[in-house]
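Contents: one structure, followed by commentary.
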Amino acid sequence: MDFLASITPPVVSQPQTFMGANLDPTSRNTMAGLPATHMTGTTLQYTLKQTADQLQRSVQGEFVSLKGNMSYKDLLVGLIHKDESFEALNSFKFMKYINLQFCDDTGTILSQRSGGICLVTSRRILFLSSQVTVGTSLSPWGDPKQLPGGYSITSSCNDTTYYQPIPLRCLRSVEISGEAGVRAEAKFHGVEPSCYGWCGLCGDLCPDSGALKRWRPLPISRSQVQEMRVTVGLLMPPWDRKMFLKIFVHPNVPLPVTRDFVALLQKNSPGLC
């Protein structure tokens, strides 16, 4: 357990600027989809990000830790079995992640956890958190396309502690998926001709104005894409429920670490051999 002493939990010493990585995965998808959902989606994105930045700075400015940071080494005292040892492979000793999602076998999200680290032992995967967590969520309320519907933003800064062990014998599948780059989207909307279909200025006589609809582009929206995800299929204890566990890897984790983490799971899990 000596290497655990070198893992430094993130410290929030002063308010930080809001970034897309602060959103949970569901909220990131909602934010990215706004230009396709609303004609003024790009403007809405900008407004939401400005508000999220104000909220995040506000909660961080008022946050006072009540427990202090327990190290990961201290967190695991008494939780490791006598015949259990920590496993490592090439670049992997531990892996940081920003979110965990537990989904049923149809992909419906059942629960989520904030960021932490994962370890592999000779018997289990351990998901741990003992750190200050800053997070923001975005969710629709009512019908955002109809008044008075819209969106709500929640920002939090919390002491987070959890210990989530999963036996390696419960794993049934594992895969890596990721993408990094830039995504651009152009949206077009239809407008009626100025004659409303009652004259021949547009060519032929046009009693059906819909046939002469003109198309105008909206401003192009661009977004950065950086996501690496490990998806594990498992029979979740204690009742062996079929589930998918999605591990959203921290953007700063090198790809070899993620690769070797998956290789170690395949090596040590009976259900993956």
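Convention: chains lettered A, B, ... in structure tokens order; per-chain residue numbering from 1; ligands numbered from 1 as shown.
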Within region 13-223 of chain A, find each residue whose DSSP state, derived from the backbone, is strand (DSSP E or B), and express the selection as a PyMOL selection string.
chain A and resi 23+86+89+92+95-104+109-121+124-141+150-167+171-185+188-191+214-217+221-223
Apply DSSP to the structure's backbone, then extract all residues of region 99-209 of chain A labelled helix (DSSP H, G or I) and return them as an mmCIF file with N, CA and C atoms, in the first residue's frame.
```
data_model
loop_
_atom_site.group_PDB
_atom_site.id
_atom_site.type_symbol
_atom_site.label_atom_id
_atom_site.label_comp_id
_atom_site.auth_asym_id
_atom_site.auth_seq_id
_atom_site.Cartn_x
_atom_site.Cartn_y
_atom_site.Cartn_z
ATOM 1 N N LEU A 168 -13.937 -9.475 -8.716
ATOM 2 C CA LEU A 168 -13.556 -9.730 -10.094
ATOM 3 C C LEU A 168 -14.364 -10.873 -10.711
ATOM 4 N N ARG A 169 -14.827 -11.804 -9.866
ATOM 5 C CA ARG A 169 -15.602 -12.941 -10.384
ATOM 6 C C ARG A 169 -16.949 -12.502 -10.968
ATOM 7 N N CYS A 170 -17.383 -11.261 -10.683
ATOM 8 C CA CYS A 170 -18.680 -10.771 -11.170
ATOM 9 C C CYS A 170 -18.606 -10.179 -12.568
ATOM 10 N N SER A 209 -47.627 28.013 -50.262
ATOM 11 C CA SER A 209 -46.377 28.681 -49.887
ATOM 12 C C SER A 209 -45.349 27.719 -49.315
#
```
Non-local contacts of region 248-265 of chain A (6 Å; only C-alpha atoms; under 6 positions in same chain excluded) as a list in words
Ser91, Phe92, Lys96, Tyr97, Ile98, Asn99, Met228 and Arg229 of chain A
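Using only C-alpha atoms for every distance, the candidate list A:Leu171, A:Leu55, A:Leu245, A:Cys103 yields A:Leu55 as the residue closest to Ser155 (chain A).
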Neighbouring residues of Thr26 (chain A) were defined as those with any atom within 10 Å, considering only C-alpha atoms; residues of the same chain fewer than 3 positions away were excluded. Please report them as JSON, numbers by chain.
{"A": [23, 29, 30, 31, 101, 109, 137, 138, 139]}
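Reported to one decimal place, the separation of CA of Pro35 (chain A) from CA of Gly135 (chain A) is 22.9 Å.
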Find the spatial neighbours of Val230 (chain A), counting only C-alpha atoms, within a cut-off of 7 Å - ignore same-chain residues fewer than 3 positions away - and output them as a PyMOL selection string.
chain A and resi 175-177+246-248
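Using only C-alpha atoms, the contacts of Thr51 (chain A) at a cut-off of 12 Å, with sequence neighbours closer than 6 positions omitted, comprise A:Thr17, A:Phe18, A:Met19, A:Leu44, A:Gln45, A:Arg57, A:Ser58, A:Thr136, A:Leu138, A:Tyr151, A:Ser152, A:Ile153, A:Thr154, A:Ser155.
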Which of A:Gly271, A:Gly107, A:Gly142, A:Gly149 sits closest to Thr231 (chain A) [using only C-alpha atoms]:
A:Gly107
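Residue nearest Ile220 (chain A), chosen from A:Ala36, A:Asp53, A:Val77, A:Pro165 and counting only C-alpha atoms: A:Ala36.
What separates CA of Phe63 (chain A) from CA of Thr160 (chain A) is a distance of 12.9 Å.
Restricting the calculation to only C-alpha atoms, the smallest distance between Phe102 (chain A) and any of A:Gly181, A:Leu89, A:Gly41, A:Ser114 is found for A:Ser114.
Residue nearest Val64 (chain A) within the list A:Asp240, A:Cys157, A:Ser269, A:Pro217: A:Cys157 [criterion: smallest interatomic distance, only C-alpha atoms].
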Give me the residues within 10 Å of Gln164 (chain A) as a compact mmCIF listing (two decimals) with all heavy atoms, in the first residue's frame, counting only C-alpha atoms and dropping any in the same chain fewer than 5 places off.
```txt
# COMPACT_ATOMS: atom_id res chain seq x y z
N CYS A 118 -9.61 4.19 -8.98
CA CYS A 118 -9.90 2.76 -8.93
C CYS A 118 -8.59 1.99 -8.83
O CYS A 118 -7.56 2.36 -9.41
CB CYS A 118 -10.73 2.29 -10.11
SG CYS A 118 -9.95 2.44 -11.71
N ARG A 124 -10.61 -8.09 -6.19
CA ARG A 124 -11.67 -7.12 -6.42
C ARG A 124 -11.17 -5.89 -7.20
O ARG A 124 -9.98 -5.64 -7.29
CB ARG A 124 -12.21 -6.63 -5.06
CG ARG A 124 -12.78 -7.72 -4.18
CD ARG A 124 -13.22 -7.16 -2.82
NE ARG A 124 -12.09 -6.69 -2.02
CZ ARG A 124 -12.22 -6.02 -0.87
NH1 ARG A 124 -13.42 -5.74 -0.41
NH2 ARG A 124 -11.14 -5.64 -0.19
N ILE A 125 -12.14 -5.14 -7.75
CA ILE A 125 -11.91 -3.76 -8.18
C ILE A 125 -12.40 -2.88 -7.04
O ILE A 125 -13.49 -3.11 -6.51
CB ILE A 125 -12.68 -3.38 -9.45
CG1 ILE A 125 -12.52 -4.40 -10.55
CG2 ILE A 125 -12.21 -2.02 -9.96
CD1 ILE A 125 -13.35 -4.05 -11.78
N LEU A 126 -11.61 -1.88 -6.68
CA LEU A 126 -12.01 -0.96 -5.62
C LEU A 126 -12.17 0.43 -6.21
O LEU A 126 -11.26 0.96 -6.84
CB LEU A 126 -10.95 -0.92 -4.51
CG LEU A 126 -10.54 -2.26 -3.88
CD1 LEU A 126 -9.47 -2.02 -2.82
CD2 LEU A 126 -11.75 -2.98 -3.29
N PHE A 127 -13.34 1.01 -6.01
CA PHE A 127 -13.61 2.40 -6.41
C PHE A 127 -13.67 3.23 -5.13
O PHE A 127 -14.49 2.96 -4.24
CB PHE A 127 -14.92 2.50 -7.19
CG PHE A 127 -14.89 1.76 -8.49
CD1 PHE A 127 -15.42 0.48 -8.59
CD2 PHE A 127 -14.31 2.33 -9.62
CE1 PHE A 127 -15.38 -0.21 -9.79
CE2 PHE A 127 -14.27 1.64 -10.82
CZ PHE A 127 -14.81 0.37 -10.91
N LEU A 128 -12.79 4.23 -5.05
CA LEU A 128 -12.63 4.99 -3.81
C LEU A 128 -12.71 6.49 -4.09
O LEU A 128 -12.29 6.95 -5.14
CB LEU A 128 -11.26 4.71 -3.18
CG LEU A 128 -10.80 3.26 -3.04
CD1 LEU A 128 -9.35 3.23 -2.61
CD2 LEU A 128 -11.67 2.54 -2.03
N SER A 129 -13.23 7.21 -3.11
CA SER A 129 -13.17 8.66 -3.16
C SER A 129 -12.99 9.20 -1.76
O SER A 129 -13.70 8.80 -0.83
CB SER A 129 -14.44 9.25 -3.79
OG SER A 129 -14.32 10.67 -3.90
```
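Proximity to Met39 (chain A) was assessed for A:Pro237, A:Pro219, A:Pro25, A:Pro270 counting only C-alpha atoms; the smallest distance is recorded for A:Pro219.
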